[in-house]
Each structure stands twice: as structure tokens, then as C-alpha cells.
Amino acid sequence: MILLICAIGLITYVVLYYQNVRKYPPGPFPLPLIGNLYHLKAEGLHEYIHKIGPAYGHCLTLFLPRPIVFLTNYDNVYEALVTKGDNFAGRSQLPPDIYLQRNLQTGVTIADGDKWRTQRRISVKILRELGMGKNGMEAKINQMLDELMHMLKETNNGVTSFDICKPLQQFAGNTINEVLFGYHFKFSEPAKFEFFLERACEHLRNIKYNVFAFIVQAWPWAKSLPIIGRKGYTEPTENMSLFNGYVEEEVDQIVKTYDRHHEPSNFVEAYLSEMEKNAELDIINLCAIVVDIWFAGAETTGRTLRWCPLILMQNPAAQEKMRAELISVVGKDRRLEMADKPNLPYFNAAMAELQRTANLLPFILIHRCTADTTIGGKPIPKDTLTRHQIFSVMRDDEIFKNPIEFKPERFMGEDGKVNKILLDRVVPFGMGKRQCMGEGLARMELFLVLGNLLLNYRFEQTESFDSINNVLRDPGPYKCRIVPIYRSCNNNEIINSQ
Ligand code: HEM
């Protein structure tokens with residue numbers, strides 16, 4: 001009798017499970033309870049989805065074990081994030097994404113609804129007022145850049161292989177730290193910076209590849225189980241707690257010294273000033289936004305910068321062509337400025353191609369569909385989690401012929417101008433309502449750092465790059481020869497003089 005009841009229970013569960021599966025866009029066959037986990041590896045998941053995407057019309061579901069809909073081409077991602085953007089602006093409100101913050105619905109990245117809208121609007125306003133994408137920010141970036149160049153001049157002899165990865169990473173972290181708190185870490189004392197960077201990288205690993213965290217995502221009660229709970233909940237939250245504690249201390253220092261009669265000179269001061277006028281702003285949200293900006297802004301920019309020399313060393317002709325154009329526009333006696341941008345079509349095309357081939361973020365952060373809707377004609381039920389695979393959008397061989405190849409020329413029209421339509425398909429900063437909040441800052445950093453480095457140094461390969469982990473899209477660590485190109489001027493810190 002008991003056996004019969006168990007059998008009926010089991011059959012009912014299986015029938016209901018597959019009835020539920022039918023509500024979602026079809027994908028590889030899932031099994032009850034474990035979904036698709038039986039045939040997937042977390043590492044390289046984006047490569048697998050890229051491969052199977054076309055067979056499912058670029059809109060498919062994987063059960064991990066919670067159902068997640070993956071969109072893998074430009075049209076579907078555009079339809080979701082832009083055309084139907086309001087329906088896809090939600091976040092999961094589930095582990096492991098929520099481990100980023102101490103409190104739910106705070107800050108920008110993991111919040112959604114009206115709370116997200118308020119904090120995002122104010123953060124964008126503050127970044128704009130601090131000069132994001134304008135002169136004020138250019139001066140700040142140049143200050144960090146001068147220190148990077150000075151450090152290179154002091155420690156790189158142009159012959160021995162040099163580790164450029166760490167300085168580039170620290171440059172990006174320093175720029176964010178300056179924007180947020182108005183101070184930065186010294187190149188000679190990297191320990192504190194490296195500690196916080198490691199917290200950030202650990203969190204990234206947890207949201208992408210921690211299978212235990214996915215189990216807690218599907219069944220939150222699993223966080224009380226011994227191994228699953230420790231690996232999927234306790235360790236990731238402890239990691240973030242260290243970082244949150246650092247941010248709270250830094251914010252507290254500024255609160256103590258903040259003088260409301262002075263013009264704010266960093267993000268924290270500017271938010272404190274806005275708090276006096278707006279009751280929806282508070283210290284908890286301020287700390288959460290600072291965490292968001294540090295996380296979203298430091299490692300993304302640092303990683304992109306690390307990909308650039310790596311790709312250019314393997315494409316020396318393109319490296320030379322970029323340098324020749326830079327020298328022809330900038331000349332020999334000054335640094336590259338943002339004002340030079342319109343006069344550098346090849347360099348601009350190469351920057352887009354670098355971001356396309358680096359293809360840093362296989363998926364953007366998870367979104368949640370907030371209303372029943374359709375994408376590419378397929379139904380997506382309310383509250384489904386969605387992943388928008390910009391990796392596939394930028395590797396689409398129907399749009400980018402031979403997409404693995406680094407070829408800035410693909411963006412150049414016959415008239416010598418940049419092909420805008422193709423350029424719009426390069427979407428490293430995402431699209432729509434959740435599009436990157438720091439895009440202006442990041443683009444400025446990439447342009448100034450790479451341009452000024454190429455004006456002053458040639459990157460030469462000294463070791464095999466076979467071990468670079470393309471699956472994790474992590475360009476490092478690697479070493480290379482950084483050969484100074486002597487320009488004849490001496491009136492600028494950034495330019496090497498003989
Ligand atoms: C090369 C560097 C960068 C890349 C490739 C990048 C890319 C992205 C992407 C793809 C998203 C996700 C969009 C989505 O979920 O749909 C995002 C979100 C975000 N980015 Fe960036 N980002 C970069 C630099 C920065 C910088 C410098 C900042 C700092 C101001 C920043 C702040 C943010 C924030 C706060 C979000 C969350 C926005 C929201 O959820 O509303 N990012 N970024």
C-alpha cells in the first residue's frame with residue numbers, strides 16, 4: 001500500500017514537473033529535481049549555450065534547477081531589454097546575486113522597482129555632475145594615468161618581461177576609488193587594494209560558477225544543510241561582509257569630515273548633499289551604491305584593459321596601425337586627449353573590436369521578467385529569470401564574419417568612416433533600462449589609457465599565451481616586453497624622454 005502511494009506520488013510529481021516545463025521556451029531535456037544540471041558544466045556554460053542557441057531560435061530554457069531563459073542573438077536581446085524593457089528590468093531577488101548587499105532592495109545593481117529607479121536616477125545624476133564623460137573626469141583619469149606611466153618608467157626596463165596586468169587592474173580600481181572617496185591606493189603599497197579586489201573576484205566566481213549557490217537559489221532552505229550551506233551561502237556572504245565593512249568605514253570617515261558648505265568633490269559627499277533634499281536617500285543606500293559602483297566598475301574596466309595588450313601583441317600589424325594614426329593626430333609633444341577622439345577613426349574602430357573580441361561578460365547580470373510576455377514569439381511567464389547572452393550577440397557569425405578574428409577594418413566603411421550599424425551590434429555595456437551606469441567613465445578610461453600607452457610603448461610577446469583562460473574570459477596573468485617609444489618632447493609626465 002505504502003509503495004503504491006509512493007509510486008502515485010512520484011508519477012504525479014513527474015507529470016506536474018513536465019507540465020510546468022512546457023510553460024517555458026523549449027531547451028535541452030531536463031530531469032525532475034535536478035533539471036539540466038546532469039549534463040552541464042558551470043565553466044564554459046556560455047560557450048555551450050552559444051552553440052545550441054540557433055537550434056532553439058535563440059530563446060531557450062535551462063533548468064539550473066530553477067528555470068532560466070537564455071536569449072542568444074541581437075534581435076531577441078533587443079526585444080527584451082529595449083522594446084519590452086519595462087518587463088525585463090527586474091532582478092532575481094535570490095541567491096547568489098543578493099549576496100552582494102547586506103540588505104535586500106538597496107543600491108542599484110540588485111534592487112528593482114521604484115527603489116531601484118530612485119537610486120539609479122540619483123547615482124547617474126551625481127556621476128554626471130562629477131564630470132563622467134566630461135573634462136572633470138578626464139583630469140582625474142589623467143592623474144591616475146600619470147602615476148601608472150611614472151611607475152612604468154621607474155620599474156620597466158623595456159627588455160625584461162613585465163607584468164602589466166596588476167598595474168592596469170590597480171589603475172581601474174584607483175579611478176573608481178578616487179570617484180567614490182577622493183583618494184587612491186599607491187602602486188608601491190598594493191596589499192589593501194589587492195585584498196578588496198580579491199573579494200570582488202570571489203563574488204564574481206560565486207555568481208557565475210558556484211553550483212552550491214545555484215542549489216540555494218532553487219531551494220533557499222538548502223542554506224541550512226552542512227556542505228551546501230557553507231559553500232553556497234555562508235562563505236559567499238562572509239566574503240561580501242568583509243567588503244561591505246570596508247565600504248561602511250570609508251563612508252563613515254567622510255560623513256565625519258563632510259562640510260556641507262563646500263562643493264562635493266566625490267560621490268559620497270555628493271550623495272550626502274542630495275540626502276538633505278530627498279527623504280528616499282539614506283546611508284544604507286549610499287553604502288550599497290558604493291559597493292555596486294566598486295564592484296561593477298573596477299574589475300570590468302581592469303579586465304578589459306588587460307585584454308587590450310594581449311590581443312594587440314597577437315595582432316602586431318593592427319597595433320602598429322593604431323600607433324601610426326595616434327602619432328599622426330597627437331604628434332610628438334603632447335598627450336592624447338578626449339578631444340582627439342573624432343579624428344581617430346581606425347583607433348575608435350579598434351577599440352570597439354577590442355571590446356568585442358575580449359567579450360568580457362558572457363552573460364550580463366541576471367534579469368527577472370516582471371510580467372507575462374513573449375520574446376521571438378515564445379511565451380515567458382512572469383517572474384522567470386532571464387539571461388541575455390551578449391557574448392553570443394558579439395560573436396554572431398552572421399553579423400561579424402569570422403567573429404574570432406580581430407579585425408578593426410570590419411567597422412570601416414569604404415568612405416573611411418566608421419560603419420555605425422555594425423558598431424551598434426557591439427554591446428559590451430548591455431542595452432536598455434539596466435545598461436551600464438558607468439559607460440561614459442569606462443569608455444573614457446579605455447580610450448585615454450590604451451591610447452597613451454600605445455603612443456609611448458610597444459607591446460611585444462615574450463611567452464606563449466596558451467594558458468590564458470578563455471573560458472572564464474580572464475586575461476591573465478601574463479607578462480610581456482614593454483618597449484619605450486621615445487618621443488622628442490619633455491614637457492609632459494606622460495611622455496618618455498631619452
Ligand atoms: C569596461 C568596463 C565596463 C563594462 C564592460 C560594463 C558592463 C556592464 C554591463 C554589461 C552591465 C549590466 C547591464 C544589465 O544588467 O543589463 C553593467 C551594469 C552596471 N555597471 Fe557597468 N561596465 C563597465 C564599467 C562600469 C563602471 C566604470 C561603472 C561605475 C560607475 C559601472 C557601473 C555599473 C552599475 C552600477 C551597473 C548596474 C546597473 C543597474 O543594474 O541598473 N560599470 N555594466
# chains A, B, ... in the order shown; residues from 1 in each chain; ligands from 1
call {"tool": "residues_around", "arguments": {"residues": "Arg121 in chain A", "least_positions_apart": "5", "cutoff": "12 Å", "atoms": "only C-alpha atoms", "output": "mmCIF file with N, CA and C atoms, in the first residue's frame"}}
result
data_model
loop_
_atom_site.group_PDB
_atom_site.id
_atom_site.type_symbol
_atom_site.label_atom_id
_atom_site.label_comp_id
_atom_site.auth_asym_id
_atom_site.auth_seq_id
_atom_site.Cartn_x
_atom_site.Cartn_y
_atom_site.Cartn_z
ATOM 1 N N GLY A 107 20.576 50.015 -2.960
ATOM 2 C CA GLY A 107 21.537 50.293 -4.032
ATOM 3 C C GLY A 107 20.892 50.201 -5.395
ATOM 4 N N VAL A 108 21.734 49.881 -6.406
ATOM 5 C CA VAL A 108 21.257 49.881 -7.790
ATOM 6 C C VAL A 108 21.235 48.466 -8.374
ATOM 7 N N ASP A 114 10.520 50.654 -7.900
ATOM 8 C CA ASP A 114 10.698 52.096 -7.644
ATOM 9 C C ASP A 114 11.967 52.392 -6.860
ATOM 10 N N LYS A 115 12.351 51.463 -5.953
ATOM 11 C CA LYS A 115 13.561 51.708 -5.137
ATOM 12 C C LYS A 115 14.782 51.795 -6.042
ATOM 13 N N TRP A 116 14.884 50.847 -6.997
ATOM 14 C CA TRP A 116 15.999 50.852 -7.957
ATOM 15 C C TRP A 116 15.987 52.140 -8.782
ATOM 16 N N ILE A 126 24.580 62.190 -10.073
ATOM 17 C CA ILE A 126 25.814 62.548 -9.364
ATOM 18 C C ILE A 126 27.038 62.283 -10.253
ATOM 19 N N LEU A 127 27.053 61.113 -10.904
ATOM 20 C CA LEU A 127 28.214 60.799 -11.766
ATOM 21 C C LEU A 127 28.334 61.844 -12.873
ATOM 22 N N ARG A 128 27.176 62.268 -13.415
ATOM 23 C CA ARG A 128 27.225 63.284 -14.474
ATOM 24 C C ARG A 128 27.774 64.592 -13.909
ATOM 25 N N TYR A 271 26.357 62.486 -2.608
ATOM 26 C CA TYR A 271 25.139 61.781 -2.164
ATOM 27 C C TYR A 271 24.670 62.351 -0.828
ATOM 28 N N GLU A 274 22.781 65.375 -1.491
ATOM 29 C CA GLU A 274 21.438 65.080 -2.025
ATOM 30 C C GLU A 274 20.513 64.570 -0.919
ATOM 31 N N GLU A 280 14.137 59.862 0.342
ATOM 32 C CA GLU A 280 14.317 58.459 -0.095
ATOM 33 C C GLU A 280 15.788 58.037 -0.080
ATOM 34 N N LEU A 281 16.672 58.988 0.191
ATOM 35 C CA LEU A 281 18.104 58.658 0.199
ATOM 36 C C LEU A 281 18.575 58.505 1.639
ATOM 37 N N ILE A 289 25.223 51.593 -2.866
ATOM 38 C CA ILE A 289 25.603 52.087 -4.200
ATOM 39 C C ILE A 289 27.127 52.107 -4.355
ATOM 40 N N LYS A 433 17.167 49.652 -20.096
ATOM 41 C CA LYS A 433 16.993 50.333 -18.797
ATOM 42 C C LYS A 433 18.113 50.035 -17.816
ATOM 43 N N ARG A 434 18.705 48.819 -17.925
ATOM 44 C CA ARG A 434 19.769 48.449 -16.988
ATOM 45 C C ARG A 434 21.156 48.635 -17.600
ATOM 46 N N MET A 437 25.776 51.823 -15.940
ATOM 47 C CA MET A 437 25.670 53.187 -15.413
ATOM 48 C C MET A 437 26.984 53.941 -15.550
#
call {"tool": "residues_near_ligand", "arguments": {"ligand": "ligand 1", "cutoff": "8 Å", "atoms": "only C-alpha atoms and all ligand atoms", "output": "JSON, numbers by chain"}}
result
{"A": [81, 89, 108, 109, 110, 111, 116, 120, 127, 176, 289, 292, 293, 294, 295, 296, 297, 298, 299, 300, 301, 302, 303, 304, 305, 355, 360, 361, 363, 364, 365, 366, 367, 388, 390, 427, 428, 429, 430, 431, 432, 433, 434, 435, 436, 437, 438, 439, 440, 441, 442, 443, 446]}
call {"tool": "write_last_selection", "arguments": {"atoms": "N, CA and C atoms", "output": "compact mmCIF listing (two decimals), in the first residue's frame"}}
result
# COMPACT_ATOMS: atom_id res chain seq x y z
N LEU A 81 15.31 43.75 -23.83
CA LEU A 81 15.86 44.82 -23.00
C LEU A 81 15.47 46.22 -23.45
N ALA A 89 13.22 44.63 -16.47
CA ALA A 89 14.14 45.40 -15.62
C ALA A 89 14.23 44.85 -14.21
N VAL A 108 21.73 49.88 -6.41
CA VAL A 108 21.26 49.88 -7.79
C VAL A 108 21.24 48.47 -8.37
N THR A 109 22.34 47.76 -8.26
CA THR A 109 22.53 46.54 -9.04
C THR A 109 21.53 45.44 -8.73
N ILE A 110 21.25 45.18 -7.46
CA ILE A 110 20.34 44.06 -7.15
C ILE A 110 18.92 44.52 -6.85
N ALA A 111 18.71 45.84 -6.73
CA ALA A 111 17.36 46.33 -6.43
C ALA A 111 16.53 46.36 -7.70
N TRP A 116 14.88 50.85 -7.00
CA TRP A 116 16.00 50.85 -7.96
C TRP A 116 15.99 52.14 -8.78
N ARG A 120 19.07 54.68 -8.90
CA ARG A 120 19.80 54.76 -10.17
C ARG A 120 19.76 56.20 -10.69
N LEU A 127 27.05 61.11 -10.90
CA LEU A 127 28.21 60.80 -11.77
C LEU A 127 28.33 61.84 -12.87
N ILE A 176 38.13 54.31 -9.70
CA ILE A 176 36.84 54.18 -9.00
C ILE A 176 36.95 54.71 -7.57
N ILE A 289 25.22 51.59 -2.87
CA ILE A 289 25.60 52.09 -4.20
C ILE A 289 27.13 52.11 -4.35
N ASP A 292 28.12 48.75 -5.17
CA ASP A 292 27.75 48.47 -6.57
C ASP A 292 28.77 49.06 -7.54
N ILE A 293 29.11 50.32 -7.31
CA ILE A 293 29.99 51.00 -8.28
C ILE A 293 31.39 50.39 -8.22
N TRP A 294 31.86 50.09 -7.02
CA TRP A 294 33.19 49.50 -6.91
C TRP A 294 33.23 48.14 -7.63
N PHE A 295 32.18 47.34 -7.38
CA PHE A 295 32.14 46.02 -7.98
C PHE A 295 31.99 46.07 -9.48
N ALA A 296 31.03 46.91 -9.93
CA ALA A 296 30.73 46.92 -11.35
C ALA A 296 31.80 47.66 -12.14
N GLY A 297 32.52 48.57 -11.48
CA GLY A 297 33.41 49.45 -12.24
C GLY A 297 34.88 49.09 -12.23
N ALA A 298 35.35 48.41 -11.18
CA ALA A 298 36.80 48.21 -11.08
C ALA A 298 37.28 47.02 -11.91
N GLU A 299 36.73 45.85 -11.65
CA GLU A 299 37.27 44.66 -12.31
C GLU A 299 36.88 44.60 -13.80
N THR A 300 35.69 45.13 -14.14
CA THR A 300 35.28 45.14 -15.56
C THR A 300 36.26 45.97 -16.39
N THR A 301 36.55 47.18 -15.91
CA THR A 301 37.45 48.05 -16.67
C THR A 301 38.87 47.48 -16.65
N GLY A 302 39.30 47.00 -15.47
CA GLY A 302 40.65 46.44 -15.36
C GLY A 302 40.83 45.25 -16.28
N ARG A 303 39.82 44.40 -16.34
CA ARG A 303 39.91 43.19 -17.16
C ARG A 303 39.94 43.56 -18.65
N THR A 304 39.13 44.53 -19.04
CA THR A 304 39.14 44.96 -20.45
C THR A 304 40.53 45.51 -20.79
N LEU A 305 41.08 46.33 -19.89
CA LEU A 305 42.40 46.89 -20.15
C LEU A 305 43.46 45.80 -20.29
N GLN A 355 36.88 45.43 -27.53
CA GLN A 355 35.84 45.06 -26.56
C GLN A 355 35.00 43.90 -27.08
N LEU A 360 34.00 40.27 -22.60
CA LEU A 360 34.30 40.11 -21.18
C LEU A 360 33.23 39.41 -20.36
N LEU A 361 31.97 39.82 -20.59
CA LEU A 361 30.89 39.32 -19.75
C LEU A 361 30.01 38.37 -20.56
N PHE A 363 27.52 36.58 -19.83
CA PHE A 363 26.12 36.97 -19.63
C PHE A 363 26.17 38.28 -18.87
N ILE A 364 25.17 39.13 -19.08
CA ILE A 364 25.07 40.25 -18.16
C ILE A 364 24.38 39.77 -16.91
N LEU A 365 24.24 40.62 -15.91
CA LEU A 365 23.63 40.18 -14.66
C LEU A 365 22.24 39.62 -14.94
N ILE A 366 21.82 38.75 -14.06
CA ILE A 366 20.53 38.11 -14.29
C ILE A 366 19.39 39.15 -14.21
N HIS A 367 18.41 39.02 -15.11
CA HIS A 367 17.22 39.86 -15.06
C HIS A 367 16.02 39.00 -14.66
N HIS A 388 20.77 37.32 -20.72
CA HIS A 388 20.87 37.92 -22.05
C HIS A 388 22.33 37.77 -22.47
N ILE A 390 25.20 38.48 -24.15
CA ILE A 390 25.85 39.42 -25.08
C ILE A 390 27.10 38.79 -25.70
N VAL A 427 27.91 45.42 -27.99
CA VAL A 427 27.14 45.87 -26.82
C VAL A 427 27.77 45.41 -25.49
N PRO A 428 29.06 45.73 -25.27
CA PRO A 428 29.68 45.25 -24.02
C PRO A 428 29.06 45.85 -22.77
N PHE A 429 28.33 46.97 -22.92
CA PHE A 429 27.75 47.62 -21.74
C PHE A 429 26.27 47.28 -21.58
N GLY A 430 25.79 46.27 -22.31
CA GLY A 430 24.39 45.89 -22.22
C GLY A 430 23.50 46.87 -22.99
N MET A 431 22.20 46.75 -22.79
CA MET A 431 21.24 47.61 -23.50
C MET A 431 20.08 47.93 -22.58
N GLY A 432 19.39 49.02 -22.91
CA GLY A 432 18.11 49.32 -22.28
C GLY A 432 18.21 49.90 -20.88
N LYS A 433 17.17 49.65 -20.10
CA LYS A 433 16.99 50.33 -18.80
C LYS A 433 18.11 50.03 -17.82
N ARG A 434 18.71 48.82 -17.92
CA ARG A 434 19.77 48.45 -16.99
C ARG A 434 21.16 48.64 -17.60
N GLN A 435 21.20 49.28 -18.74
CA GLN A 435 22.51 49.47 -19.41
C GLN A 435 23.50 50.08 -18.42
N CYS A 436 24.77 49.71 -18.58
CA CYS A 436 25.81 50.11 -17.63
C CYS A 436 25.71 51.58 -17.25
N MET A 437 25.78 51.82 -15.94
CA MET A 437 25.67 53.19 -15.41
C MET A 437 26.98 53.94 -15.55
N GLY A 438 28.07 53.21 -15.73
CA GLY A 438 29.39 53.86 -15.77
C GLY A 438 30.01 53.83 -17.16
N GLU A 439 29.16 53.65 -18.18
CA GLU A 439 29.69 53.50 -19.54
C GLU A 439 30.59 54.68 -19.95
N GLY A 440 30.12 55.89 -19.67
CA GLY A 440 30.88 57.09 -20.06
C GLY A 440 32.26 57.09 -19.42
N LEU A 441 32.30 56.77 -18.13
CA LEU A 441 33.58 56.72 -17.41
C LEU A 441 34.47 55.62 -17.97
N ALA A 442 33.90 54.45 -18.18
CA ALA A 442 34.70 53.32 -18.67
C ALA A 442 35.26 53.61 -20.05
N ARG A 443 34.43 54.15 -20.94
CA ARG A 443 34.90 54.44 -22.30
C ARG A 443 36.05 55.45 -22.27
N LEU A 446 39.25 53.68 -21.03
CA LEU A 446 39.83 52.78 -22.04
C LEU A 446 40.53 53.60 -23.13
call {"tool": "atom_distance", "arguments": {"atom1": "CA of Ala139 in chain A", "atom2": "CA of Gly182 in chain A"}}
result
13.1 Å
call {"tool": "residues_around", "arguments": {"residues": "range 200-206 of chain A", "least_positions_apart": "4", "cutoff": "7 Å", "atoms": "only C-alpha atoms", "output": "list of chain:residue names"}}
result
A:Pro96, A:Phe196, A:Asn210, A:Pro236, A:Phe295
call {"tool": "write_last_selection", "arguments": {"atoms": "C-alpha atoms", "output": "PDB file, in the first residue's frame"}}
result
ATOM      1  CA  PRO A  96      23.698  34.278  -5.152  1.00  0.00           C
ATOM      2  CA  PHE A 196      39.483  44.135  -1.802  1.00  0.00           C
ATOM      3  CA  ASN A 210      29.256  28.205  -7.714  1.00  0.00           C
ATOM      4  CA  PRO A 236      29.968  33.859  -0.145  1.00  0.00           C
ATOM      5  CA  PHE A 295      32.144  46.016  -7.981  1.00  0.00           C
TER       6      PHE A 295
END
call {"tool": "closest_atom_pairs", "arguments": {"of": "range 333-374 of chain A", "to": "range 450-456 of chain A", "cutoff": "12 Å", "atoms": "only C-alpha atoms", "output": "tab-separated table"}}
result
residue	atom	partner	partner_atom	distance
A:Asp333	CA	A:Leu455	CA	10.9
A:Arg334	CA	A:Asn452	CA	9.9
A:Arg335	CA	A:Asn452	CA	6.6
A:Leu336	CA	A:Asn452	CA	5.9
A:Glu337	CA	A:Asn452	CA	8.9
A:Met338	CA	A:Gly451	CA	10.1
A:Asp340	CA	A:Gly451	CA	10.4
A:Lys341	CA	A:Gly451	CA	10.1
A:Leu344	CA	A:Gly451	CA	10.3
A:Tyr346	CA	A:Gly451	CA	11.8
A:Phe347	CA	A:Gly451	CA	8.2
A:Asn348	CA	A:Gly451	CA	10.0
A:Ala350	CA	A:Leu450	CA	10.8
A:Met351	CA	A:Leu450	CA	8.8
A:Leu354	CA	A:Leu450	CA	10.7
call {"tool": "closest_residue", "arguments": {"among": "A:Arg387, A:Arg66, A:Arg425, A:Lys140", "to": "Asn36 in chain A", "atoms": "only C-alpha atoms"}}
result
A:Arg66
call {"tool": "closest_residue", "arguments": {"among": "A:Ala352, A:Val291, A:Val179, A:Leu152", "to": "Arg199 in chain A", "atoms": "only C-alpha atoms"}}
result
A:Val291
